[in-house]
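Student: This is the structure, below, for whatever I ask next.
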Amino acid sequence: MRLPNLSTLINAAGPFFGLLAVIAFFSLDPDVRQSFLTGGNFKIILTQTVIVAIAAIGMTLIIVSGGIDLSVGSVVALTSVVAARLLSLDNPCSPLLVTSLTILTGAFIGMVNGCIIAGIRMMPFIVTLGMMGIARGTAKWLGDSQTVNVPNLPAHQEAVAPLLKLMAMQRPFEFLPVPLGVWITLLLAAGMALVLRQTVFGRHLFAIGSNEATARLCGIRVQWRKVMIYAIGGAFAGLAGLMQFSRLNQGDPTVAIGLELDIIAAVVIGGASLSGGTGSILGSMIGALIMAVLRNGSNQMDWPTYRQEIIIGCVIIFAVALDRWRQSRARRNPSAPS
Amino acid sequence: MRLPNLSTLINAAGPFFGLLAVIAFFSLDPDVRQSFLTGGNFKIILTQTVIVAIAAIGMTLIIVSGGIDLSVGSVVALTSVVAARLLSLDNPCSPLLVTSLTILTGAFIGMVNGCIIAGIRMMPFIVTLGMMGIARGTAKWLGDSQTVNVPNLPAHQEAVAPLLKLMAMQRPFEFLPVPLGVWITLLLAAGMALVLRQTVFGRHLFAIGSNEATARLCGIRVQWRKVMIYAIGGAFAGLAGLMQFSRLNQGDPTVAIGLELDIIAAVVIGGASLSGGTGSILGSMIGALIMAVLRNGSNQMDWPTYRQEIIIGCVIIFAVALDRWRQSRARRNPSAPS
Amino acid sequence: RQQTEDTADGRKRLTIAVIPKGTTHEFWRSIEAGARKAEQELNASGTPVQIIWKGPLREDDRDLQIQVVENFMARKVDGIVLAPLDSQALVAPVENATKAGVPVVIMDSDLKSDQYVSFVATDNYKGGQLAGDHLGKLLNGTGDVILLRYAVGSASTEAREAGFLDALTNRHPAIKLLSDDQHAGPTRETAYQASQNLLNRYGAEADGIFCPCEPPTIAMAMALRDLGKAGGAIKMVGFDAGSKSVEDLKNGDLQALVVQDPVRMGYLGVMTLVEHLQGKPVEKRIDTGVHLVTRDNMEDPEISELLNPPIDQYLK
Amino acid sequence: MSRLRMIGVQKRFGATQALKSVSFSVAPGEVHALIGENGAGKSTLMKILSGAHRPDAGTIELEGEPLQPENPLHARRCGIAMIYQELNLAPHLSVEENILLGAEPSTLGWLHRRERRALAHRALAELHHDSIPLDAPAGTRTIAEQQIVEIARALIGNPRVLIMDEPTSSLTHSDTQQLFTVIARLRERGVSIVYISHFLEECRQICDRFTVLRDGETVGSGVMASANLQEIIRLMVGRDIEDIYPRVPRQPGRAVLELHGIAGPARPRNATFTVHEGEIFGLAGLIGAGRTETLRACFGLDRVREGTLLAFGRPSTHGTPSSRLAQGIGLLSENRKEEGLMLNRSVADNLTATRYQPFVRCGFIHQRRQRRVTNDWIARLGIRASHSTQSVTELSGGNQQKVAIARLLHHDARILLLDEPTRGIDVGSKVQIYQLMGELAAQGRALVFVSSYLPELLGVCDTIGVMCRGVLTEVRPAAHWTEHDIISAAVGQSPA
Ligand SMILES: Nc1ncnc2c1ncn2[C@@H]1O[C@H](COP(=O)(O)OP(=O)(O)OP(=O)(O)O)[C@@H](O)[C@H]1O
Ligand SMILES: Nc1ncnc2c1ncn2[C@@H]1O[C@H](COP(=O)(O)OP(=O)(O)OP(=O)(O)O)[C@@H](O)[C@H]1O
Ligand SMILES: [Mg+2]
Ligand SMILES: [Mg+2]
């Protein structure tokens, strides 16, 4: 086991400087700086990033392996409803059971995606586009087309309490303690980064994304791996759904519409290519942070919504264009072997 | 000039039978049939298809050439706002001028997309994802974060009247007269189908989508073509925006969120492949119709919204899976050359 | 499924489509309860009625709501009760339906047309004024205030926002607005993010907050609690009686709620339409009332029923 | 006077100087061979001529006029057509559309249908392949037919200069001869032809003059008829090669791979042969005979429809690539670019993709150890790579192939299925690969060697089987075959 090597760090550095630039930009105005550059605000930003970041971990695996998952937003909504429903049963499930069942629901949907993609060899874009509607519809169905609130009874509230802690913010004006969800995200990101870089499974992912035919030739069970990858991605979406539930204290079947595009944007800003074979968890996390900082900063600058949308759009294009340019330059002046 | 040849027809037959199957399904229940299988209802379905269908014509070109455009929904919203703004000026523009400027706005945004994609050689997915935010933001900006209504003054209403006719429905219980917009859609679809099949430009589109490197080596100016393709796609989105204006009688910066996914689904259900090189306008039109019939039929069947969403999702996956299966069978038993 | 079907006793059964703006918020659930209440009463009184409750596929999409109206028109239902997502966009389909012999009652939000049977709604502008005046009173006429708007282009909330702002400028000129151009967006999550970010910037200065409908009201209270400013440090006035908001009011996290009477709105919407179909004359504008609820009056039986409408009695 | 002159052409790709001052000229009606090792710069030079690349320096003259091809379209308009080394077809387009791509007859953008078909038909007829249906999608035709389509495309514009970059690498013997008659006809018409090939015998057969490139420089040129092959090879490689087919002494052992009547989905229809330890088994046949499919069926990439397969004496007819690899069977794909290698991954990852165990500790990959092992292989096979984390795209074709072979060696495969391991590889590298194959056999491994180049099969193999239309017809020791016998068996005539 070794720390990620130099070239990985340099690759992640691009998005990282982007993040610094965005933070610096919002700190220019002294009025805004006062409230923007505070521990409390960064706690808020981190908390707001959790959902996108957790889902982005799974999406990174999927994109690295050359796929894409458009159903993530719907799965987040569905699993948040599932969590709320489980907690609203006459005998509410224990928090641990809710957590596992929610994640399993996500994993199950991911697995269905993976099975169709691997089994019928269909484009992931289409399969997950279809699943996007199916999961959203199922969420509405389970939620009876409404938000699901946990009943205000002692037994139920007791079961909910630990889950609500996941995203609960204490001491708003200090950085610590950061909500549990942030630590979980960090832990999972670190873990999956290791898996991606340092294990055979991670290598297989890169191999499949880089050239599927070769991966098959090298004895990788490509179809199985795909099922696994989408299931893992779904599990992360499920966990994100749990966080969403914890944040809203309700299951909302209409939440997270279009979230998949934010997640994909985060992964791509973080240096992944949609044609597969490149990408890193660290980059995706930074990408997710960039988006959250932009949103937070625009609110603090009192920018109208439209300006925020335009700027985020420009940042997406610009970040990826920069990345392309950096890479083409790197190819022209290859650095010494690391 | 010749009618499309046999293999084209057979290719389009798949989606066509799909359409028939969907219509037949909703006609099973005699109660529903009474209102579903009427001229008036089909007029409504056709009118509801116009916006998706027009945008799908442009999207077909883009997808055939191996690209994708996620910004279409936002462009529809933006151009509907542009049309409304032009008509709300103190001296309202003439309907013809409004029409051309609206279409040009769409074409301009498409051109920007195309220039970035061709110039920096970036993935269309990312570029148009960024543009999606930019166009949406611009729409809100132009609309001052509100819907734009044309002032209720004689001069203005006079200018608006011909545009409103585009989508106005007369005699709701008879099939004829069909709104002007439907005729325009049919005309454009027929025209672009000819262009795609019978002109050098169409040929080049298929060649670029099928193998870009080959296209370049055969002397096709791939980058220019791409700019053109995205500009044309944008122009169609602009026209769809005009239709949207005509339908709502207002410019609405929040309309058509997620419409791009419906449009892509229509094109793909119509037999196009997202990896480029295949697709037909006829197919895309049928795909758009299938989606509209599904929506209309579900309403008439009294299905809850969620069931409709689930079913449309399933239809997307199923249609494409069927298409794959048909094609793999065709490859195994190649028919005699036509 | 059938437009007019003869029931056992030979009377025609009326099919009425009720089309809300969306389905997820409790507000719409109460409207549905009201509509169902009307359905039950009518059926009991010998006027067979069937209610079809159908929200648009995506909430807040005007074109999709138009499609729902058109599809019901094609189905030749006997009448439509509609909460239009937009005052302008829905004009043509409503006029078409009227022309085609399908009368339409408008509820909740206005429509820029006169070809409907009746408009059954809260006076939203007045609701906003109530909120503005109450906040002014809470702050004794001075202080800094935040308005977190709902979403772009929503007529009813915009009327409330306008009423609120007018009340402040006309009657409480010393109150300063810190921010009034941020939108909460359609869901509780988007509203929560916007609230957190706004409070982080202005939380120290703000004295009062107004939110014009359910999602931002709940989300802003959550953000205030996060910040430790709930319970009166920052006075907050919200809108609509979401069950969570009612709880917040009870806990003192909210100082006041402006509530409408959605059950009545749904009920009157259907009743008015049926009366019209039976050939009786109906009022063109029916106000269903707004009420300012504070901790002091929330136990009044009348108000209590508004806060906890007996929904389950009507929805199976 | 020469038709085409290139003087002092230079081209640099990032760190590689692909061309350092190359000059050569072609006369009207001349067939000019361009010869050189892999990576010598032949394709690059021709791509500059056809407008696909821009030169950094140097001048080009066509009929005495200076020419600067801006892009492929410009070059085409000037009468320069090129058949590229890699297949360049739009698979979804029909044969006819592919032939006319970029030169569609039209007025104001409208296509002329009849003229189109006539032109395409004429071009195919000239190649004696008018049986290829014009409306079939190009992607569904065989590789050989696709190559014909490409040649037809080059003939369409009546070019003055025609460049052929390894046109015969996937043609059958008879198609090659057919092509040569076309070349002869074109030469009579005064067309100048640049012919690139690693098969020196072919060059000898049809070329008038030759130019040899080495490391991006012109190292010699002359008249083909008066040159001797050994001389040309020395110019190319820069040293003498005594023995092209080195023989390493070896002893066949027990049977390790036995096929009995194996049939796949379409091909093969019936393949029966046995391979022993320490044996190189050659598989000959025409393109499309199903040799690739036979190997793929053995390796579990294609379904086995009928028959039985014994590996190391144990029956195991059905398998997957992973189970085959676990048994110690490895496959080298004939399609390096699309199947053989992950081009944008590092040499280390490509080389060790099938066996990570030696560096895995507690589930994690020990990267330093992985690189050390990779460097060992780089040194042992003489792979020209700057370091083990270099991406494979940056290597030349021959070195890419060595990486692919090194993967099998790293996997320590006991049975190696090698599909066209020498395709597109220069003489020097070929000799290295033959040497390596011999050594592997001597270590007691079993090799199946598929090739369309008969001399190397005859030179390297111990036993040769010939396939014809999916059926393995005849297996004999290599010494009992002649080139003529193999060709007759491959076209289905019973051998004399
Ligand atoms: N697009 C490119 N980018 C970077 N390097 C390139 C590129 N194309 C060629 N090269 C390099 O230029 C050199 C010459 O390559 P070229 O393809 O011209 O060789 P060649 O003589 O045609 O070899 P072969 O016989 O294998 O076809 C090689 O070192 C190759 O790696
Ligand atoms: N993708 C495909 N679709 C349909 N048929 C195919 C496909 N690939 C190969 N074939 C057919 O399978 C048969 C054998 O293919 P292939 O040309 O690979 O054989 P081969 O003997 O291995 O030739 P070589 O190795 O010399 O290229 C041919 O008839 C070919 O047309
Ligand atoms: Mg070459
Ligand atoms: Mg082969």
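Labels for the structure tokens follow display order: chains A, B, ..., residues from 1 in each chain, ligands from 1.
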Can I get the residues close to ligand 3 as an mmCIF file with N, CA and C atoms, in the first residue's frame, where close means within 9 Å and we count only C-alpha atoms and all ligand atoms?
Tutor:
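result.cif, freshly written:
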```
data_model
loop_
_atom_site.group_PDB
_atom_site.id
_atom_site.type_symbol
_atom_site.label_atom_id
_atom_site.label_comp_id
_atom_site.auth_asym_id
_atom_site.auth_seq_id
_atom_site.Cartn_x
_atom_site.Cartn_y
_atom_site.Cartn_z
ATOM 1 N N ASN D 38 9.016 -0.569 -38.709
ATOM 2 C CA ASN D 38 7.894 0.045 -38.002
ATOM 3 C C ASN D 38 8.363 1.344 -37.377
ATOM 4 N N GLY D 39 7.578 2.356 -37.541
ATOM 5 C CA GLY D 39 7.914 3.633 -36.928
ATOM 6 C C GLY D 39 8.955 4.408 -37.700
ATOM 7 N N ALA D 40 9.300 3.943 -38.898
ATOM 8 C CA ALA D 40 10.304 4.675 -39.680
ATOM 9 C C ALA D 40 9.727 5.993 -40.193
ATOM 10 N N GLY D 41 8.428 6.062 -40.318
ATOM 11 C CA GLY D 41 7.817 7.314 -40.745
ATOM 12 C C GLY D 41 7.136 7.234 -42.098
ATOM 13 N N LYS D 42 6.917 6.046 -42.594
ATOM 14 C CA LYS D 42 6.313 5.902 -43.917
ATOM 15 C C LYS D 42 4.897 6.477 -43.949
ATOM 16 N N SER D 43 4.111 6.020 -43.007
ATOM 17 C CA SER D 43 2.713 6.485 -43.008
ATOM 18 C C SER D 43 2.651 7.980 -42.758
ATOM 19 N N THR D 44 3.497 8.459 -41.871
ATOM 20 C CA THR D 44 3.487 9.888 -41.573
ATOM 21 C C THR D 44 3.790 10.691 -42.834
ATOM 22 N N MET D 46 3.315 9.881 -45.898
ATOM 23 C CA MET D 46 2.214 9.823 -46.853
ATOM 24 C C MET D 46 1.004 10.602 -46.357
ATOM 25 N N TYR D 84 -5.479 4.202 -46.653
ATOM 26 C CA TYR D 84 -4.784 4.271 -45.373
ATOM 27 C C TYR D 84 -4.483 2.889 -44.830
ATOM 28 N N GLN D 85 -3.486 2.885 -43.933
ATOM 29 C CA GLN D 85 -3.028 1.625 -43.362
ATOM 30 C C GLN D 85 -4.147 0.954 -42.549
ATOM 31 N N GLU D 86 -4.813 1.752 -41.716
ATOM 32 C CA GLU D 86 -5.920 1.178 -40.962
ATOM 33 C C GLU D 86 -7.154 1.275 -41.838
ATOM 34 N N ASP D 165 -1.015 2.338 -48.544
ATOM 35 C CA ASP D 165 -0.275 2.029 -47.326
ATOM 36 C C ASP D 165 -0.676 0.633 -46.854
ATOM 37 N N GLU D 166 0.168 -0.335 -47.106
ATOM 38 C CA GLU D 166 -0.080 -1.746 -46.767
ATOM 39 C C GLU D 166 -1.468 -2.203 -47.204
ATOM 40 N N ILE D 196 3.428 0.959 -50.128
ATOM 41 C CA ILE D 196 4.088 0.664 -48.860
ATOM 42 C C ILE D 196 3.727 -0.747 -48.454
ATOM 43 N N SER D 197 4.749 -1.541 -48.125
ATOM 44 C CA SER D 197 4.454 -2.898 -47.677
ATOM 45 C C SER D 197 5.639 -3.458 -46.917
ATOM 46 N N GLY D 397 3.854 0.472 -33.596
ATOM 47 C CA GLY D 397 3.106 -0.768 -33.748
ATOM 48 C C GLY D 397 3.847 -2.002 -33.266
ATOM 49 N N GLY D 424 1.752 -6.387 -39.877
ATOM 50 C CA GLY D 424 2.164 -4.987 -39.850
ATOM 51 C C GLY D 424 3.449 -4.749 -39.098
#
```
Student: May I have the residues within 10 Å of Met228 of chain A as number ranges by chain, using only C-alpha atoms and disregarding those fewer than 2 positions away in the same chain?
Tutor: A: 62, 107, 110-111, 114-115, 222-226, 230-234
Student: Go ahead and save the residues from that selection, with all heavy atoms, as a short mmCIF file (atom, residue, chain, number, x, y, z; two decimals), in the first residue's frame.
Tutor:
```cif
data_model
loop_
_atom_site.label_atom_id
_atom_site.label_comp_id
_atom_site.auth_asym_id
_atom_site.auth_seq_id
_atom_site.Cartn_x
_atom_site.Cartn_y
_atom_site.Cartn_z
N ILE A 62 -18.94 4.39 -12.12
CA ILE A 62 -19.68 4.09 -13.34
C ILE A 62 -19.05 4.78 -14.54
O ILE A 62 -18.86 4.18 -15.60
CB ILE A 62 -21.16 4.51 -13.18
CG1 ILE A 62 -21.82 3.61 -12.13
CG2 ILE A 62 -21.89 4.43 -14.49
CD1 ILE A 62 -23.24 4.00 -11.79
N ALA A 107 -29.17 -0.28 -4.31
CA ALA A 107 -28.33 -1.28 -4.95
C ALA A 107 -29.15 -2.15 -5.88
O ALA A 107 -28.71 -2.51 -6.97
CB ALA A 107 -27.64 -2.14 -3.90
N GLY A 110 -29.81 -0.28 -9.03
CA GLY A 110 -28.57 -0.28 -9.79
C GLY A 110 -28.33 -1.63 -10.45
O GLY A 110 -27.91 -1.70 -11.60
N MET A 111 -28.63 -2.68 -9.71
CA MET A 111 -28.40 -4.01 -10.25
C MET A 111 -29.29 -4.25 -11.45
O MET A 111 -28.85 -4.82 -12.45
CB MET A 111 -28.67 -5.03 -9.17
CG MET A 111 -27.88 -6.29 -9.32
SD MET A 111 -28.39 -7.46 -8.06
CE MET A 111 -30.06 -7.80 -8.57
N GLY A 114 -27.77 -2.53 -14.25
CA GLY A 114 -26.58 -3.27 -14.69
C GLY A 114 -26.96 -4.52 -15.46
O GLY A 114 -26.35 -4.84 -16.48
N CYS A 115 -27.98 -5.23 -14.97
CA CYS A 115 -28.36 -6.47 -15.65
C CYS A 115 -28.85 -6.19 -17.06
O CYS A 115 -28.51 -6.91 -18.00
CB CYS A 115 -29.44 -7.20 -14.86
SG CYS A 115 -28.81 -7.98 -13.37
N VAL A 222 -16.53 -9.07 -17.79
CA VAL A 222 -17.01 -7.70 -18.00
C VAL A 222 -18.46 -7.55 -17.61
O VAL A 222 -18.85 -6.61 -16.90
CB VAL A 222 -16.80 -7.30 -19.47
CG1 VAL A 222 -17.40 -5.94 -19.73
CG2 VAL A 222 -15.34 -7.31 -19.80
N GLN A 223 -19.31 -8.49 -18.02
CA GLN A 223 -20.74 -8.32 -17.76
C GLN A 223 -21.04 -8.36 -16.26
O GLN A 223 -21.80 -7.55 -15.75
CB GLN A 223 -21.56 -9.37 -18.53
CG GLN A 223 -21.23 -9.44 -20.02
CD GLN A 223 -21.24 -8.10 -20.74
OE1 GLN A 223 -21.96 -7.20 -20.36
NE2 GLN A 223 -20.41 -7.95 -21.75
N TRP A 224 -20.39 -9.29 -15.56
CA TRP A 224 -20.59 -9.34 -14.11
C TRP A 224 -20.12 -8.07 -13.45
O TRP A 224 -20.76 -7.54 -12.56
CB TRP A 224 -19.85 -10.52 -13.51
CG TRP A 224 -20.60 -11.78 -13.66
CD1 TRP A 224 -20.23 -12.87 -14.39
CD2 TRP A 224 -21.88 -12.10 -13.10
NE1 TRP A 224 -21.20 -13.82 -14.32
CE2 TRP A 224 -22.23 -13.38 -13.54
CE3 TRP A 224 -22.77 -11.40 -12.28
CZ2 TRP A 224 -23.41 -13.99 -13.18
CZ3 TRP A 224 -23.95 -12.01 -11.91
CH2 TRP A 224 -24.27 -13.29 -12.37
N ARG A 225 -18.95 -7.66 -13.88
CA ARG A 225 -18.40 -6.44 -13.30
C ARG A 225 -19.35 -5.29 -13.47
O ARG A 225 -19.55 -4.49 -12.55
CB ARG A 225 -17.06 -6.10 -13.97
CG ARG A 225 -15.91 -6.95 -13.52
CD ARG A 225 -15.47 -6.53 -12.13
NE ARG A 225 -14.32 -7.29 -11.69
CZ ARG A 225 -14.32 -8.06 -10.61
NH1 ARG A 225 -15.41 -8.18 -9.87
NH2 ARG A 225 -13.24 -8.71 -10.27
N LYS A 226 -19.97 -5.21 -14.65
CA LYS A 226 -20.88 -4.09 -14.90
C LYS A 226 -22.05 -4.15 -13.94
O LYS A 226 -22.45 -3.14 -13.37
CB LYS A 226 -21.39 -4.13 -16.33
CG LYS A 226 -20.40 -3.57 -17.30
CD LYS A 226 -21.10 -3.32 -18.62
CE LYS A 226 -20.11 -2.83 -19.64
NZ LYS A 226 -20.71 -2.78 -20.97
N TYR A 230 -22.83 -1.03 -11.39
CA TYR A 230 -24.08 -0.28 -11.30
C TYR A 230 -24.76 -0.51 -9.96
O TYR A 230 -25.40 0.39 -9.41
CB TYR A 230 -25.01 -0.63 -12.46
CG TYR A 230 -24.60 0.08 -13.72
CD1 TYR A 230 -23.72 -0.50 -14.62
CD2 TYR A 230 -25.06 1.35 -14.00
CE1 TYR A 230 -23.30 0.15 -15.75
CE2 TYR A 230 -24.65 2.02 -15.13
CZ TYR A 230 -23.77 1.41 -16.01
OH TYR A 230 -23.36 2.07 -17.12
N ALA A 231 -24.61 -1.73 -9.42
CA ALA A 231 -25.21 -1.99 -8.11
C ALA A 231 -24.51 -1.12 -7.05
O ALA A 231 -25.17 -0.54 -6.19
CB ALA A 231 -25.08 -3.47 -7.77
N ILE A 232 -23.19 -1.04 -7.12
CA ILE A 232 -22.48 -0.21 -6.14
C ILE A 232 -22.91 1.25 -6.31
O ILE A 232 -23.20 1.95 -5.34
CB ILE A 232 -20.97 -0.35 -6.32
CG1 ILE A 232 -20.53 -1.77 -5.97
CG2 ILE A 232 -20.23 0.66 -5.45
CD1 ILE A 232 -19.06 -2.02 -6.18
N GLY A 233 -22.97 1.69 -7.58
CA GLY A 233 -23.42 3.06 -7.83
C GLY A 233 -24.81 3.29 -7.23
O GLY A 233 -25.07 4.31 -6.59
N GLY A 234 -25.69 2.29 -7.42
CA GLY A 234 -27.03 2.41 -6.86
C GLY A 234 -27.01 2.45 -5.34
O GLY A 234 -27.75 3.20 -4.72
#
```
Student: Please, which residues have at least one atom within 8 Å of an atom of ligand 4, using only C-alpha atoms and all ligand atoms, listed as a PyMOL selection string?
Tutor: chain D and resi 287-288+290-293+334+419-420+450
Student: Which residues form the shell of 9 Å around ligand 2 when you count only C-alpha atoms and all ligand atoms, given as a PyMOL selection string?
Tutor: (chain B and resi 331-332) or (chain D and resi 139-144+170-172+266-268+284-295+334+419-420+450-452+467-470)
Student: For the selection you just gave me, I'd like the residues written to a file as a compact mmCIF listing (two decimals), in the first residue's frame, keeping N, CA and C atoms.
Tutor:
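Dumped to selection28.txt:
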```txt
# COMPACT_ATOMS: atom_id res chain seq x y z
N ARG B 331 -28.78 -9.14 -38.66
CA ARG B 331 -27.39 -9.38 -39.01
C ARG B 331 -27.14 -10.87 -39.18
N ARG B 332 -27.84 -11.67 -38.36
CA ARG B 332 -27.61 -13.09 -38.44
C ARG B 332 -28.19 -13.68 -39.73
N GLY D 139 -20.08 -2.32 -42.88
CA GLY D 139 -19.63 -3.01 -41.68
C GLY D 139 -19.94 -4.48 -41.67
N THR D 140 -20.88 -4.93 -42.52
CA THR D 140 -21.23 -6.35 -42.49
C THR D 140 -20.40 -7.17 -43.48
N ARG D 141 -19.56 -6.52 -44.25
CA ARG D 141 -18.74 -7.29 -45.22
C ARG D 141 -17.48 -7.81 -44.55
N THR D 142 -16.83 -8.76 -45.19
CA THR D 142 -15.60 -9.29 -44.60
C THR D 142 -14.50 -8.24 -44.72
N ILE D 143 -13.44 -8.49 -43.92
CA ILE D 143 -12.32 -7.54 -43.91
C ILE D 143 -11.77 -7.37 -45.32
N ALA D 144 -11.66 -8.48 -46.04
CA ALA D 144 -11.08 -8.41 -47.38
C ALA D 144 -11.94 -7.54 -48.29
N SER D 170 -4.45 -7.43 -45.44
CA SER D 170 -5.54 -8.36 -45.15
C SER D 170 -6.21 -8.89 -46.42
N LEU D 171 -5.45 -8.97 -47.51
CA LEU D 171 -6.01 -9.52 -48.75
C LEU D 171 -5.54 -10.95 -48.93
N THR D 172 -6.37 -11.74 -49.62
CA THR D 172 -5.96 -13.10 -49.93
C THR D 172 -4.96 -13.06 -51.09
N ALA D 266 -20.72 -19.45 -36.45
CA ALA D 266 -20.72 -19.48 -37.92
C ALA D 266 -19.47 -20.22 -38.39
N ARG D 267 -18.34 -19.80 -37.88
CA ARG D 267 -17.06 -20.43 -38.14
C ARG D 267 -16.44 -20.76 -36.82
N PRO D 268 -15.62 -21.74 -36.66
CA PRO D 268 -15.34 -22.80 -37.63
C PRO D 268 -16.50 -23.77 -37.72
N ALA D 284 -2.98 -22.24 -41.28
CA ALA D 284 -2.98 -21.47 -42.51
C ALA D 284 -4.38 -21.44 -43.09
N GLY D 285 -4.60 -20.58 -44.04
CA GLY D 285 -5.92 -20.50 -44.68
C GLY D 285 -6.13 -19.12 -45.25
N LEU D 286 -7.18 -19.02 -46.07
CA LEU D 286 -7.50 -17.72 -46.63
C LEU D 286 -8.18 -16.87 -45.56
N ILE D 287 -8.22 -15.56 -45.85
CA ILE D 287 -8.97 -14.71 -44.93
C ILE D 287 -10.43 -15.11 -44.95
N GLY D 288 -11.02 -15.22 -43.79
CA GLY D 288 -12.41 -15.64 -43.73
C GLY D 288 -12.56 -17.13 -43.59
N ALA D 289 -11.43 -17.83 -43.51
CA ALA D 289 -11.52 -19.28 -43.38
C ALA D 289 -11.97 -19.68 -41.98
N GLY D 290 -11.80 -18.78 -41.03
CA GLY D 290 -12.27 -19.08 -39.68
C GLY D 290 -11.17 -19.42 -38.71
N ARG D 291 -9.95 -19.02 -39.03
CA ARG D 291 -8.85 -19.33 -38.10
C ARG D 291 -9.00 -18.52 -36.82
N THR D 292 -9.30 -17.22 -37.00
CA THR D 292 -9.50 -16.39 -35.82
C THR D 292 -10.60 -16.96 -34.95
N GLU D 293 -11.69 -17.37 -35.59
CA GLU D 293 -12.81 -17.89 -34.83
C GLU D 293 -12.44 -19.18 -34.11
N THR D 294 -11.59 -19.99 -34.74
CA THR D 294 -11.17 -21.22 -34.07
C THR D 294 -10.45 -20.88 -32.77
N LEU D 295 -9.53 -19.91 -32.85
CA LEU D 295 -8.81 -19.52 -31.64
C LEU D 295 -9.77 -18.93 -30.61
N GLU D 334 -5.72 -10.62 -33.05
CA GLU D 334 -5.21 -10.11 -34.32
C GLU D 334 -5.47 -8.61 -34.43
N ASP D 419 -2.64 -14.97 -32.83
CA ASP D 419 -3.37 -14.67 -34.07
C ASP D 419 -2.65 -13.54 -34.79
N GLU D 420 -2.05 -13.86 -35.90
CA GLU D 420 -1.33 -12.87 -36.71
C GLU D 420 -0.39 -12.02 -35.86
N VAL D 450 -1.29 -18.43 -36.00
CA VAL D 450 -2.12 -18.15 -37.17
C VAL D 450 -1.43 -17.09 -38.00
N SER D 451 -1.29 -17.36 -39.30
CA SER D 451 -0.67 -16.35 -40.15
C SER D 451 -1.17 -16.51 -41.57
N SER D 452 -1.20 -15.41 -42.30
CA SER D 452 -1.56 -15.48 -43.71
C SER D 452 -0.32 -15.44 -44.58
N MET D 467 -6.94 -24.43 -43.04
CA MET D 467 -8.39 -24.31 -42.93
C MET D 467 -8.97 -23.82 -44.23
N CYS D 468 -10.14 -24.37 -44.55
CA CYS D 468 -10.83 -23.91 -45.75
C CYS D 468 -12.30 -23.82 -45.42
N ARG D 469 -12.87 -22.64 -45.53
CA ARG D 469 -14.29 -22.37 -45.26
C ARG D 469 -14.75 -22.98 -43.94
N GLY D 470 -13.95 -22.77 -42.91
CA GLY D 470 -14.38 -23.19 -41.59
C GLY D 470 -14.03 -24.62 -41.24
```
Student: Can you pull out every residue within 12 Å of segment 117-119 of chain B, counting only C-alpha atoms, but drop anything in the same chain fewer than 4 positions away, and send it as a count of residues only?
Tutor: 34
Student: Skipping near chain neighbours, those fewer than 2 positions away, what residues fall within 7 Å of Pro28 of chain D using only C-alpha atoms, listed as a ChimeraX atom specification?
Tutor: /D:2-3,26,30,190-192
Student: Please identify the strand (DSSP E or B) residues within segment 16-50 of chain D (assignment by DSSP from backbone atoms) and present them as a PyMOL selection string.
Tutor: chain D and resi 16-26+31-36
Student: Excluding Ile286 of chain A and any residue of its chain fewer than 6 positions from it, enumerate the residues within 8 Å of it, using only C-alpha atoms, and give them as a list in words.
Tutor: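 Neighbouring residues, sequence-local ones excluded: Pro15, Phe16, Leu19, Ala266 and Gly270 of chain A.
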Student: Export, as a CSV table (one decimal), in the first residue's frame, the selected residues with C-alpha atoms.
Tutor:
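That gives us selection-v8.csv:
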```
chain,number,residue,atom,x,y,z
A,15,PRO,CA,-9.7,20.8,-10.2
A,16,PHE,CA,-8.2,21.7,-6.8
A,19,LEU,CA,-11.8,25.2,-6.2
A,266,ALA,CA,-19.1,17.2,-10.6
A,270,GLY,CA,-13.2,16.5,-11.4
```
